[in-house]
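**Q** Okay, here's the structure, questions in a sec.
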Amino acid sequence: MLSRLAKTYLYLYGTWLPGAQYHLDSREDFEVYMRPVVASDDPANEVKLFIPI
């Protein structure tokens, strides 16, 4: 669900990345939505997050 997207980013940048052996580079992160979003609470929504490491 897209309602969890903010929490996902908080986890990635606040928990996962500091504990990982990776470092951010200077590019922007971005999202790719795998199908048109009709409703933000649709459990079939799928988004891929790309974090530049």
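Here, A, B, ... name the chains of the structure tokens in the order displayed, residue numbers run from 1 inside each chain, and ligands are numbered from 1 in the same displayed order.
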Would you kindly return, as JSON, numbers by chain, each protein, DNA or RNA residue with an atom no farther than 9 Å from any atom of Arg35 (chain A), considering only C-alpha atoms and excluding same-chain residues fewer than 5 positions away?

**A** {"A": [45, 46, 47]}

**Q** Would you mind writing down, as an MDAnalysis selection string, each residue of chain A that DSSP on the backbone assigns to strand (DSSP E)?

**A** chainID A and resid 30:33 47:50

**Q** If we count only C-alpha atoms and set the cut-off at 6 Å, which residues sit around Asp29 (chain A), ignoring sequence neighbours fewer than 3 positions away in its own chain? Please answer as a list in words.

**A** Phe50, Ile51 and Pro52 of chain A

**Q** Between CA of His23 (chain A) and CA of Leu5 (chain A), what is the distance in Å, rounded to a tenth?

**A**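 Those two atoms sit 21.3 Å apart.
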
**Q** Rounded to one decimal, what separation in Å do you get between CA of Val37 (chain A) and CA of Tyr13 (chain A)?

**A**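 Computing the Euclidean distance for CA of Val37 (chain A) and CA of Tyr13 (chain A) yields 24.7 Å.
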
**Q** Mind the document's chain letters and residue numbers, and return as a list in words the residues of chain A that DSSP labels alpha helix (DSSP H).

**A**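 Written out, the alpha helix (DSSP H) residues of chain A are Leu5, Ala6, Lys7, Thr8, Tyr9, Leu10, Tyr11, Leu17, Pro18 and Gly19 of chain A.
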
**Q** Convert the current residue selection to file output with N, CA, C and O atoms, as a short mmCIF file (atom, residue, chain, number, x, y, z; two decimals), in the first residue's frame.

**A**
data_model
loop_
_atom_site.label_atom_id
_atom_site.label_comp_id
_atom_site.auth_asym_id
_atom_site.auth_seq_id
_atom_site.Cartn_x
_atom_site.Cartn_y
_atom_site.Cartn_z
N LEU A 5 4.61 4.00 2.13
CA LEU A 5 5.78 4.44 1.38
C LEU A 5 6.70 5.32 2.23
O LEU A 5 7.92 5.14 2.23
N ALA A 6 6.14 6.24 2.99
CA ALA A 6 6.96 7.12 3.84
C ALA A 6 7.72 6.31 4.89
O ALA A 6 8.91 6.55 5.13
N LYS A 7 7.06 5.33 5.50
CA LYS A 7 7.72 4.48 6.49
C LYS A 7 8.83 3.65 5.84
O LYS A 7 9.86 3.39 6.45
N THR A 8 8.62 3.24 4.61
CA THR A 8 9.64 2.47 3.89
C THR A 8 10.89 3.32 3.67
O THR A 8 12.01 2.87 3.90
N TYR A 9 10.69 4.57 3.24
CA TYR A 9 11.83 5.46 3.05
C TYR A 9 12.54 5.73 4.37
O TYR A 9 13.78 5.77 4.43
N LEU A 10 11.79 5.93 5.44
CA LEU A 10 12.40 6.14 6.75
C LEU A 10 13.25 4.95 7.16
O LEU A 10 14.35 5.10 7.69
N TYR A 11 12.75 3.75 6.90
CA TYR A 11 13.53 2.55 7.22
C TYR A 11 14.78 2.47 6.35
O TYR A 11 15.88 2.21 6.86
N LEU A 17 20.35 1.70 5.51
CA LEU A 17 21.55 2.29 4.93
C LEU A 17 22.66 2.54 5.95
O LEU A 17 23.81 2.19 5.69
N PRO A 18 22.36 3.08 7.13
CA PRO A 18 23.44 3.27 8.11
C PRO A 18 24.11 1.96 8.54
O PRO A 18 25.29 1.95 8.90
N GLY A 19 23.39 0.85 8.50
CA GLY A 19 23.95 -0.43 8.90
C GLY A 19 24.53 -1.23 7.74
O GLY A 19 25.14 -2.28 7.95
#

**Q** Distance CA of Ala20 (chain A)-CA of Ile53 (chain A), one decimal place?

**A**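 Answer for the CA of Ala20 (chain A) to CA of Ile53 (chain A) separation: 10.4 Å.
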
**Q** Identify, on the basis of only C-alpha atoms, every residue whose closest approach to Ser3 (chain A) does not exceed 10 Å; exclude the query and any residue fewer than 5 positions from it along the same chain; express the result as a PDB file with N, CA and C atoms, in the first residue's frame.

**A**
ATOM      1  N   THR A   8       8.623   3.237   4.605  1.00  0.00           N
ATOM      2  CA  THR A   8       9.639   2.475   3.887  1.00  0.00           C
ATOM      3  C   THR A   8      10.889   3.319   3.667  1.00  0.00           C
ATOM      4  N   SER A  40      -4.817   5.038  -3.569  1.00  0.00           N
ATOM      5  CA  SER A  40      -3.586   4.859  -2.800  1.00  0.00           C
ATOM      6  C   SER A  40      -3.650   3.684  -1.832  1.00  0.00           C
ATOM      7  N   ASP A  41      -4.844   3.246  -1.468  1.00  0.00           N
ATOM      8  CA  ASP A  41      -4.969   2.127  -0.531  1.00  0.00           C
ATOM      9  C   ASP A  41      -5.193   0.781  -1.218  1.00  0.00           C
ATOM     10  N   ASP A  42      -5.038   0.721  -2.525  1.00  0.00           N
ATOM     11  CA  ASP A  42      -5.200  -0.529  -3.277  1.00  0.00           C
ATOM     12  C   ASP A  42      -4.025  -1.460  -2.963  1.00  0.00           C
TER      13      ASP A  42
END
